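Participant: My structure is in run_19.pdb, and what it holds is PDB, C-alpha atoms:
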ATOM      1  CA  MET S 210       1.971 -13.127 -35.190
ATOM      2  CA  SER S 211       0.219 -10.044 -33.884
ATOM      3  CA  GLY S 212      -1.450  -8.731 -30.789
ATOM      4  CA  VAL S 213      -0.232  -8.782 -27.228
ATOM      5  CA  PRO S 214       2.963 -10.778 -26.640
ATOM      6  CA  VAL S 215       2.773 -13.755 -24.284
ATOM      7  CA  SER S 216       3.850 -12.870 -20.760
ATOM      8  CA  TYR S 217       5.688 -15.409 -18.631
ATOM      9  CA  ALA S 218       5.217 -13.401 -15.408
ATOM     10  CA  ASN S 219       4.217 -15.631 -12.462
ATOM     11  CA  GLN S 220       5.891 -18.619 -14.108
ATOM     12  CA  PHE S 221       8.967 -20.658 -13.320
ATOM     13  CA  LEU S 222      11.848 -20.741 -15.761
ATOM     14  CA  ILE S 223      13.651 -24.035 -15.316
ATOM     15  CA  ALA S 224      17.204 -24.309 -16.665
ATOM     16  CA  MET S 225      17.594 -27.148 -19.135
ATOM     17  CA  PRO S 226      20.587 -29.505 -18.727
ATOM     18  CA  GLY S 227      22.291 -27.919 -21.747
ATOM     19  CA  GLN S 228      22.224 -24.432 -20.156
ATOM     20  CA  ARG S 229      25.647 -23.122 -21.179
ATOM     21  CA  ASP S 230      25.773 -20.256 -18.700
ATOM     22  CA  GLY S 231      27.240 -21.710 -15.485
ATOM     23  CA  THR S 232      25.531 -18.953 -13.494
ATOM     24  CA  PHE S 233      22.152 -20.430 -14.348
ATOM     25  CA  ALA S 234      22.910 -24.169 -14.491
ATOM     26  CA  GLY S 235      20.377 -26.071 -12.366
ATOM     27  CA  THR S 236      18.341 -23.001 -11.500
ATOM     28  CA  VAL S 237      14.660 -22.302 -11.098
ATOM     29  CA  ILE S 238      13.767 -18.655 -11.647
ATOM     30  CA  TYR S 239      10.478 -17.075 -10.637
ATOM     31  CA  LEU S 240       9.590 -14.509 -13.306
ATOM     32  CA  CYS S 241       8.318 -11.300 -11.729
ATOM     33  CA  GLU S 242       7.926  -9.298 -14.926
ATOM     34  CA  HIS S 243       7.906 -10.059 -18.642
ATOM     35  CA  ASN S 244       6.848  -7.700 -21.392
ATOM     36  CA  GLU S 245       8.028  -6.313 -24.733
ATOM     37  CA  LYS S 246      10.937  -4.540 -22.995
ATOM     38  CA  GLY S 247      12.347  -7.727 -21.451
ATOM     39  CA  ALA S 248      12.066  -9.880 -18.343
ATOM     40  CA  LEU S 249      13.058  -9.819 -14.672
ATOM     41  CA  GLY S 250      13.142 -12.794 -12.329
ATOM     42  CA  LEU S 251      14.633 -14.155  -9.112
ATOM     43  CA  VAL S 252      16.505 -17.452  -8.729
ATOM     44  CA  ILE S 253      14.698 -19.365  -5.962
ATOM     45  CA  ASN S 254      17.027 -22.341  -5.432
ATOM     46  CA  LYS S 255      20.564 -20.980  -4.927
ATOM     47  CA  PRO S 256      21.085 -20.046  -1.247
ATOM     48  CA  ILE S 257      24.203 -18.066  -0.358
ATOM     49  CA  ASP S 258      26.195 -18.033   2.892
ATOM     50  CA  ILE S 259      24.166 -15.236   4.471
ATOM     51  CA  LYS S 260      21.258 -15.749   6.872
ATOM     52  CA  LEU S 261      18.404 -13.244   7.080
ATOM     53  CA  LYS S 262      19.411 -12.150  10.591
ATOM     54  CA  ASN S 263      22.887 -11.236   9.232
ATOM     55  CA  LEU S 264      21.405  -9.293   6.327
ATOM     56  CA  PHE S 265      19.213  -7.360   8.733
ATOM     57  CA  GLU S 266      22.252  -6.558  10.920
ATOM     58  CA  LYS S 267      24.040  -5.153   7.846
ATOM     59  CA  VAL S 268      21.234  -2.617   7.380
ATOM     60  CA  ASP S 269      21.097  -1.814  11.115
ATOM     61  CA  LEU S 270      17.859  -3.665  11.840
ATOM     62  CA  SER S 271      17.042  -6.527  14.165
ATOM     63  CA  LEU S 272      14.805  -9.377  13.049
ATOM     64  CA  ASP S 273      12.104 -10.104  15.618
ATOM     65  CA  ARG S 274      10.765 -13.074  13.659
ATOM     66  CA  PRO S 275      12.524 -16.205  14.987
ATOM     67  CA  GLU S 276      10.968 -18.353  12.234
ATOM     68  CA  LEU S 277      12.811 -16.222   9.645
ATOM     69  CA  ALA S 278      16.127 -15.436  11.378
ATOM     70  CA  GLU S 279      17.975 -18.552  10.179
ATOM     71  CA  SER S 280      16.447 -18.510   6.676
ATOM     72  CA  ALA S 281      18.932 -18.287   3.843
ATOM     73  CA  VAL S 282      19.357 -15.317   1.565
ATOM     74  CA  TYR S 283      19.434 -16.369  -2.098
ATOM     75  CA  PHE S 284      21.455 -15.488  -5.171
ATOM     76  CA  GLY S 285      18.698 -13.894  -7.251
ATOM     77  CA  GLY S 286      20.833 -13.425 -10.332
ATOM     78  CA  PRO S 287      23.922 -11.621 -11.578
ATOM     79  CA  VAL S 288      22.391  -8.116 -11.880
ATOM     80  CA  GLN S 289      22.703  -5.655  -8.947
ATOM     81  CA  THR S 290      24.024  -8.287  -6.531
ATOM     82  CA  GLU S 291      24.533  -5.643  -3.832
ATOM     83  CA  ARG S 292      20.798  -4.919  -3.776
ATOM     84  CA  GLY S 293      18.105  -6.856  -1.915
ATOM     85  CA  PHE S 294      14.877  -8.115  -3.449
ATOM     86  CA  VAL S 295      12.030  -9.464  -1.301
ATOM     87  CA  LEU S 296       9.530 -11.808  -2.919
ATOM     88  CA  HIS S 297       6.420 -12.086  -0.741
ATOM     89  CA  GLU S 298       2.709 -12.654  -0.658
ATOM     90  CA  ARG S 299       0.620  -9.587  -1.342
ATOM     91  CA  LEU S 300      -0.509  -7.859   1.790
ATOM     92  CA  GLY S 301      -4.209  -7.556   2.284
ATOM     93  CA  GLY S 302      -6.994  -7.858   4.773
ATOM     94  CA  GLU S 303      -6.068  -7.612   8.440
ATOM     95  CA  GLU S 304      -2.414  -8.406   7.869
ATOM     96  CA  GLY S 305      -1.843  -5.669   5.302
ATOM     97  CA  LYS S 306      -3.603  -2.805   7.045
ATOM     98  CA  GLY S 307      -3.945  -1.160   3.648
ATOM     99  CA  GLY S 308      -0.384  -1.605   2.730
ATOM    100  CA  HIS S 309       1.914  -1.526  -0.149
ATOM    101  CA  TYR S 310       5.542  -0.773   0.331
ATOM    102  CA  ASN S 311       7.312   2.171  -1.282
ATOM    103  CA  SER S 312       8.766   0.151  -4.137
ATOM    104  CA  SER S 313       6.739  -2.978  -4.911
ATOM    105  CA  LEU S 314       6.006  -4.675  -8.184
ATOM    106  CA  GLN S 315       2.632  -6.424  -8.172
ATOM    107  CA  ILE S 316       2.996  -9.702 -10.035
ATOM    108  CA  PRO S 317      -0.054 -11.204 -11.752
ATOM    109  CA  GLY S 318      -1.135 -14.116  -9.567
ATOM    110  CA  GLY S 319      -0.847 -12.487  -6.148
ATOM    111  CA  LEU S 320       2.827 -12.134  -5.235
ATOM    112  CA  GLU S 321       4.845  -8.944  -4.927
ATOM    113  CA  MET S 322       8.535  -8.160  -5.278
ATOM    114  CA  THR S 323       9.686  -5.301  -3.072
ATOM    115  CA  THR S 324      13.025  -3.487  -3.155
ATOM    116  CA  SER S 325      12.436  -0.731  -0.590
ATOM    117  CA  LYS S 326      13.744  -0.920   2.980
ATOM    118  CA  ASP S 327      10.269  -0.434   4.471
ATOM    119  CA  VAL S 328       9.447  -4.130   3.968
ATOM    120  CA  LEU S 329      12.545  -5.015   6.034
ATOM    121  CA  GLU S 330      11.513  -2.492   8.684
ATOM    122  CA  ALA S 331       8.054  -4.089   8.901
ATOM    123  CA  LEU S 332       9.619  -7.547   9.242
ATOM    124  CA  SER S 333      12.056  -6.203  11.823
ATOM    125  CA  GLY S 334       9.137  -5.092  13.961
ATOM    126  CA  GLY S 335       7.526  -8.537  13.805
ATOM    127  CA  ALA S 336       4.980  -7.570  11.128
ATOM    128  CA  GLY S 337       5.082  -7.648   7.343
ATOM    129  CA  PRO S 338       4.414 -10.563   5.021
ATOM    130  CA  LYS S 339       4.241 -14.050   6.528
ATOM    131  CA  LYS S 340       6.124 -15.808   3.724
ATOM    132  CA  ILE S 341       9.157 -14.256   2.094
ATOM    133  CA  LEU S 342      12.146 -15.142  -0.043
ATOM    134  CA  VAL S 343      15.011 -12.631  -0.018
ATOM    135  CA  THR S 344      17.620 -12.452  -2.761
ATOM    136  CA  LEU S 345      20.660 -10.378  -3.506
ATOM    137  CA  GLY S 346      20.583  -9.533  -7.192
ATOM    138  CA  TYR S 347      18.166 -10.439  -9.931
ATOM    139  CA  SER S 348      18.115 -12.077 -13.352
ATOM    140  CA  GLY S 349      17.305  -9.866 -16.307
ATOM    141  CA  TRP S 350      16.830 -10.164 -20.053
ATOM    142  CA  GLY S 351      16.548  -7.469 -22.719
ATOM    143  CA  ALA S 352      13.762  -7.313 -25.308
ATOM    144  CA  GLY S 353      13.456 -10.687 -27.062
ATOM    145  CA  GLN S 354      16.467 -12.192 -25.253
ATOM    146  CA  LEU S 355      14.497 -14.622 -23.058
ATOM    147  CA  GLU S 356      12.361 -15.794 -25.975
ATOM    148  CA  ASP S 357      15.550 -16.425 -27.968
ATOM    149  CA  GLU S 358      17.108 -18.458 -25.117
ATOM    150  CA  MET S 359      13.901 -20.482 -24.781
ATOM    151  CA  SER S 360      13.819 -21.208 -28.526
ATOM    152  CA  ARG S 361      17.378 -22.573 -28.235
ATOM    153  CA  ASN S 362      16.318 -25.027 -25.478
ATOM    154  CA  GLY S 363      17.961 -23.056 -22.658
ATOM    155  CA  TRP S 364      14.821 -22.869 -20.513
ATOM    156  CA  ILE S 365      11.462 -24.548 -20.055
ATOM    157  CA  ASN S 366       8.603 -22.691 -18.404
ATOM    158  CA  VAL S 367       5.599 -23.652 -16.303
ATOM    159  CA  GLY S 368       3.052 -21.801 -14.170
ATOM    160  CA  ALA S 369       4.528 -21.065 -10.738
ATOM    161  CA  GLU S 370       3.316 -22.643  -7.534
ATOM    162  CA  ARG S 371       3.796 -20.686  -4.294
ATOM    163  CA  ALA S 372       4.426 -23.813  -2.227
ATOM    164  CA  ILE S 373       7.594 -24.500  -4.224
ATOM    165  CA  ILE S 374       8.908 -20.980  -3.526
ATOM    166  CA  PHE S 375       8.043 -20.748   0.154
ATOM    167  CA  ASP S 376       7.509 -24.261   1.559
ATOM    168  CA  THR S 377       9.653 -26.715  -0.431
ATOM    169  CA  PRO S 378      13.189 -27.518   0.793
ATOM    170  CA  VAL S 379      15.683 -25.781  -1.491
ATOM    171  CA  GLU S 380      17.302 -28.999  -2.731
ATOM    172  CA  GLN S 381      13.886 -30.213  -3.998
ATOM    173  CA  ARG S 382      12.750 -27.041  -5.820
ATOM    174  CA  TYR S 383      14.254 -27.914  -9.230
ATOM    175  CA  ASP S 384      12.701 -31.402  -9.308
ATOM    176  CA  LYS S 385       9.346 -30.169  -7.932
ATOM    177  CA  ALA S 386       9.174 -27.435 -10.585
ATOM    178  CA  LEU S 387       9.810 -30.053 -13.287
ATOM    179  CA  TRP S 388       7.108 -32.286 -11.797
ATOM    180  CA  LEU S 389       4.606 -29.503 -12.510
ATOM    181  CA  LEU S 390       5.209 -30.459 -16.153
ATOM    182  CA  GLY S 391       5.150 -34.193 -15.403
ATOM    183  CA  ILE S 392       8.889 -34.451 -16.096
ATOM    184  CA  ALA S 393      11.544 -36.216 -14.025
ATOM    185  CA  SER S 394      14.918 -34.434 -14.131
ATOM    186  CA  GLY S 395      16.723 -37.593 -15.276
ATOM    187  CA  THR S 396      14.651 -37.726 -18.450
ATOM    188  CA  LEU S 397      15.619 -34.278 -19.742
ATOM    189  CA  SER S 398      17.838 -34.124 -22.800
ATOM    190  CA  GLN S 399      20.423 -31.447 -23.580
ATOM    191  CA  GLU S 400      19.412 -31.467 -27.235
ATOM    192  CA  ALA S 401      16.427 -29.691 -28.746
ATOM    193  CA  GLY S 402      14.122 -32.049 -30.598
ATOM    194  CA  HIS S 403      13.191 -31.555 -34.229
ATOM    195  CA  ALA S 404      10.397 -33.415 -35.957
TER     196      ALA S 404
END
Write the structure described by the file as structure tokens, please.

Facilitator:
Amino acid sequence: MSGVPVSYANQFLIAMPGQRDGTFAGTVIYLCEHNEKGALGLVINKPIDIKLKNLFEKVDLSLDRPELAESAVYFGGPVQTERGFVLHERLGGEEGKGGHYNSSLQIPGGLEMTTSKDVLEALSGGAGPKKILVTLGYSGWGAGQLEDEMSRNGWINVGAERAIIFDTPVEQRYDKALWLLGIASGTLSQEAGHA
């Protein structure tokens, strides 16, 4: 086993039924970064009791995007839960006007994850990315930790699909992510198979 390690960035991590950590039971995580140092992702199917308009008010901004005002904020994971993370389409062409935000991670496959307030300021003014998912907190793994959890049947992975993140009703995201693998949630077993 040599060469470049496999990266799961731009993939969904889907919690298996036997996931022992209650924090992650039933979750779908979009992996933003995965390398030899570890992994970082955002849970995309656990809304919390905060709407985007309320989050904006907390940082002294208004939200002049009626289509976003009532959108839920999500629990992104147990790390830095006081901090906001914005998953969005990469800006480009006319919409982007040349722009990256101060603190954005470009994810292979065309999405970005931004943690700087300037993305919120752009949205507040009616501009910014068209499709967003905002979380408080993120999910993180140290070097080798995610691979170990996957080998113990804690997670299954599949290439991510933007429509599931941005356009699918939250209660359907887990099942839709599994369908990308051709699996129905009722057929998953808690036990790892051994031949």

Participant: Expanded to explicit residues, what is the PyMOL selection byres ((chain S and resi 350) around 9) for this file, as a VMD selection string?

Facilitator: chain S and resid 246 to 250 348 to 349 351 to 355

Participant: Check the smallest atom-to-atom distance from each of S:Glu276, S:Asp384, S:Gln220, S:Thr324 to Thr344 in chain S using all atoms listed in the file, then report the winner.

Facilitator: S:Thr324

Participant: To test your reading of the syntax: which residues would the PyMOL selection byres ((chain S and resi 345) around 9) return for the file shown? Reply as a PyMOL selection string.

Facilitator: chain S and resi 282-295+343-344+346-347

Participant: Could the residues in this selection be written to a file with C-alpha atoms, as an mmCIF file, in the coordinates of the input?

Facilitator:
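Below is the file that was written, result12.cif:
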data_model
loop_
_atom_site.group_PDB
_atom_site.id
_atom_site.type_symbol
_atom_site.label_atom_id
_atom_site.label_comp_id
_atom_site.auth_asym_id
_atom_site.auth_seq_id
_atom_site.Cartn_x
_atom_site.Cartn_y
_atom_site.Cartn_z
ATOM 1 C CA VAL S 282 19.357 -15.317 1.565
ATOM 2 C CA TYR S 283 19.434 -16.369 -2.098
ATOM 3 C CA PHE S 284 21.455 -15.488 -5.171
ATOM 4 C CA GLY S 285 18.698 -13.894 -7.251
ATOM 5 C CA GLY S 286 20.833 -13.425 -10.332
ATOM 6 C CA PRO S 287 23.922 -11.621 -11.578
ATOM 7 C CA VAL S 288 22.391 -8.116 -11.880
ATOM 8 C CA GLN S 289 22.703 -5.655 -8.947
ATOM 9 C CA THR S 290 24.024 -8.287 -6.531
ATOM 10 C CA GLU S 291 24.533 -5.643 -3.832
ATOM 11 C CA ARG S 292 20.798 -4.919 -3.776
ATOM 12 C CA GLY S 293 18.105 -6.856 -1.915
ATOM 13 C CA PHE S 294 14.877 -8.115 -3.449
ATOM 14 C CA VAL S 295 12.030 -9.464 -1.301
ATOM 15 C CA VAL S 343 15.011 -12.631 -0.018
ATOM 16 C CA THR S 344 17.620 -12.452 -2.761
ATOM 17 C CA GLY S 346 20.583 -9.533 -7.192
ATOM 18 C CA TYR S 347 18.166 -10.439 -9.931
#

Participant: Just the number, please: distance in Å from CA of Leu390 in chain S to CA of Ser313 in chain S, one decimal.

Facilitator: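 For CA of Leu390 in chain S relative to CA of Ser313 in chain S, the distance reads 29.7 Å.
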
Participant: I'd like to see the residues matched by the PyMOL selection byres ((chain S and resi 339) around 9) on this file, and ideally I'd get them as a ChimeraX atom specification.

Facilitator: /S:297-298,304,332,336-338,340-341

Participant: Near Asp376 in chain S, within 12 Å and counting all atoms listed in the file, which residues show up once chain neighbours fewer than 3 positions away are dropped, as a short mmCIF file (atom, residue, chain, number, x, y, z; two decimals) with C-alpha atoms, in the coordinates of the input?

Facilitator:
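Result file result06.cif:
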data_model
loop_
_atom_site.label_atom_id
_atom_site.label_comp_id
_atom_site.auth_asym_id
_atom_site.auth_seq_id
_atom_site.Cartn_x
_atom_site.Cartn_y
_atom_site.Cartn_z
CA ILE S 253 14.70 -19.36 -5.96
CA ASN S 254 17.03 -22.34 -5.43
CA SER S 280 16.45 -18.51 6.68
CA LYS S 339 4.24 -14.05 6.53
CA LYS S 340 6.12 -15.81 3.72
CA ILE S 341 9.16 -14.26 2.09
CA LEU S 342 12.15 -15.14 -0.04
CA GLU S 370 3.32 -22.64 -7.53
CA ARG S 371 3.80 -20.69 -4.29
CA ALA S 372 4.43 -23.81 -2.23
CA ILE S 373 7.59 -24.50 -4.22
CA VAL S 379 15.68 -25.78 -1.49
CA GLU S 380 17.30 -29.00 -2.73
CA GLN S 381 13.89 -30.21 -4.00
CA ARG S 382 12.75 -27.04 -5.82
CA LYS S 385 9.35 -30.17 -7.93
#

Participant: Counting all atoms listed in the file, which residues in range 259-368 of chain S sit no more than 7 Å from range 225-237 of chain S? For each one, give the nearest pair of atoms and the distance in Å, sorted by chain then residue number, as CSV.

Facilitator:
residue,atom,partner,partner_atom,distance
S:Asn362,CA,S:Met225,CA,6.8
S:Gly363,CA,S:Gln228,CA,5.1
S:Trp364,CA,S:Met225,CA,5.3
S:Ile365,CA,S:Met225,CA,6.7

Participant: Residues at most 9 Å from Phe265 in chain S, counting only C-alpha atoms, excluding those fewer than 5 positions away in the same chain, as an MDAnalysis selection string?

Facilitator: chainID S and resid 260 270:272 329 333

Participant: State, in Å with one decimal place, the distance from CA of Leu240 in chain S to CA of Lys262 in chain S.

Facilitator: 25.9 Å

Participant: Write a file for range 268-309 of chain S, containing N, CA and C atoms (output as a compact mmCIF listing (two decimals), in the first residue's frame).

Facilitator:
# COMPACT_ATOMS: atom_id res chain seq x y z
N VAL S 268 -25.61 38.20 14.34
CA VAL S 268 -24.35 38.82 13.93
C VAL S 268 -24.59 40.23 13.34
N ASP S 269 -25.72 40.81 13.75
CA ASP S 269 -26.07 42.18 13.37
C ASP S 269 -26.15 42.42 11.86
N LEU S 270 -26.75 41.46 11.16
CA LEU S 270 -26.99 41.60 9.73
C LEU S 270 -28.46 41.28 9.45
N SER S 271 -28.98 41.91 8.39
CA SER S 271 -30.32 41.52 7.94
C SER S 271 -30.14 40.56 6.77
N LEU S 272 -31.17 39.82 6.45
CA LEU S 272 -31.09 38.87 5.34
C LEU S 272 -32.11 39.28 4.29
N ASP S 273 -31.63 39.93 3.23
CA ASP S 273 -32.50 40.40 2.17
C ASP S 273 -32.67 39.36 1.07
N ARG S 274 -32.82 38.12 1.48
CA ARG S 274 -33.06 37.01 0.55
C ARG S 274 -34.24 36.21 1.10
N PRO S 275 -35.48 36.61 0.77
CA PRO S 275 -36.66 35.96 1.34
C PRO S 275 -36.66 34.44 1.16
N GLU S 276 -36.09 33.95 0.06
CA GLU S 276 -36.07 32.50 -0.19
C GLU S 276 -35.17 31.76 0.80
N LEU S 277 -34.30 32.49 1.51
CA LEU S 277 -33.39 31.88 2.48
C LEU S 277 -33.78 32.13 3.93
N ALA S 278 -34.55 33.18 4.18
CA ALA S 278 -34.81 33.64 5.56
C ALA S 278 -35.32 32.54 6.48
N GLU S 279 -36.23 31.71 6.01
CA GLU S 279 -36.83 30.67 6.85
C GLU S 279 -36.08 29.34 6.78
N SER S 280 -34.98 29.29 6.04
CA SER S 280 -34.18 28.06 5.95
C SER S 280 -33.59 27.74 7.31
N ALA S 281 -33.47 26.45 7.58
CA ALA S 281 -32.91 26.01 8.85
C ALA S 281 -31.40 26.15 8.85
N VAL S 282 -30.86 26.33 10.04
CA VAL S 282 -29.43 26.19 10.28
C VAL S 282 -29.26 24.75 10.75
N TYR S 283 -28.14 24.13 10.43
CA TYR S 283 -27.92 22.72 10.72
C TYR S 283 -26.83 22.51 11.77
N PHE S 284 -26.95 21.39 12.48
CA PHE S 284 -25.89 20.92 13.36
C PHE S 284 -24.86 20.28 12.44
N GLY S 285 -23.70 20.92 12.31
CA GLY S 285 -22.67 20.42 11.39
C GLY S 285 -21.79 19.36 12.00
N GLY S 286 -21.79 19.30 13.33
CA GLY S 286 -20.97 18.34 14.05
C GLY S 286 -20.60 18.91 15.40
N PRO S 287 -19.95 18.11 16.23
CA PRO S 287 -19.72 18.51 17.62
C PRO S 287 -18.51 19.41 17.85
N VAL S 288 -17.76 19.76 16.80
CA VAL S 288 -16.56 20.58 16.96
C VAL S 288 -16.89 22.04 16.64
N GLN S 289 -16.49 22.95 17.50
CA GLN S 289 -16.69 24.40 17.32
C GLN S 289 -18.15 24.75 17.01
N THR S 290 -19.05 24.31 17.88
CA THR S 290 -20.49 24.51 17.63
C THR S 290 -20.93 25.96 17.73
N GLU S 291 -20.06 26.84 18.21
CA GLU S 291 -20.40 28.27 18.26
C GLU S 291 -20.01 28.97 16.96
N ARG S 292 -19.40 28.25 16.04
CA ARG S 292 -18.89 28.85 14.81
C ARG S 292 -19.72 28.42 13.61
N GLY S 293 -19.95 29.35 12.69
CA GLY S 293 -20.74 29.06 11.50
C GLY S 293 -19.89 28.60 10.32
N PHE S 294 -20.45 27.67 9.56
CA PHE S 294 -19.81 27.14 8.36
C PHE S 294 -20.84 27.21 7.24
N VAL S 295 -20.46 27.79 6.11
CA VAL S 295 -21.37 27.95 4.98
C VAL S 295 -20.88 27.09 3.82
N LEU S 296 -21.67 26.09 3.48
CA LEU S 296 -21.38 25.25 2.32
C LEU S 296 -22.15 25.85 1.15
N HIS S 297 -21.46 26.11 0.05
CA HIS S 297 -22.11 26.79 -1.08
C HIS S 297 -21.43 26.42 -2.39
N GLU S 298 -22.14 26.74 -3.47
CA GLU S 298 -21.57 26.55 -4.79
C GLU S 298 -20.45 27.57 -4.98
N ARG S 299 -19.46 27.18 -5.75
CA ARG S 299 -18.33 28.07 -6.02
C ARG S 299 -18.81 29.24 -6.85
N LEU S 300 -18.38 30.41 -6.47
CA LEU S 300 -18.74 31.59 -7.23
C LEU S 300 -17.90 31.66 -8.50
N GLY S 301 -18.55 32.11 -9.56
CA GLY S 301 -17.82 32.24 -10.81
C GLY S 301 -18.68 32.95 -11.82
N GLY S 302 -18.09 33.32 -12.90
CA GLY S 302 -18.85 33.99 -13.96
C GLY S 302 -19.42 35.30 -13.46
N GLU S 303 -20.59 35.65 -13.95
CA GLU S 303 -21.23 36.92 -13.61
C GLU S 303 -21.52 37.00 -12.12
N GLU S 304 -22.02 35.89 -11.57
CA GLU S 304 -22.44 35.90 -10.17
C GLU S 304 -21.26 36.20 -9.25
N GLY S 305 -20.11 35.60 -9.52
CA GLY S 305 -18.99 35.71 -8.61
C GLY S 305 -18.26 37.02 -8.66
N LYS S 306 -18.27 37.70 -9.79
CA LYS S 306 -17.52 38.93 -9.95
C LYS S 306 -16.10 38.76 -9.40
N GLY S 307 -15.47 37.65 -9.75
CA GLY S 307 -14.09 37.42 -9.37
C GLY S 307 -13.90 36.86 -7.98
N GLY S 308 -14.99 36.44 -7.30
CA GLY S 308 -14.81 36.36 -5.90
C GLY S 308 -14.67 35.11 -5.12
N HIS S 309 -13.67 35.13 -4.29
CA HIS S 309 -13.56 34.18 -3.20
C HIS S 309 -13.76 34.99 -1.94
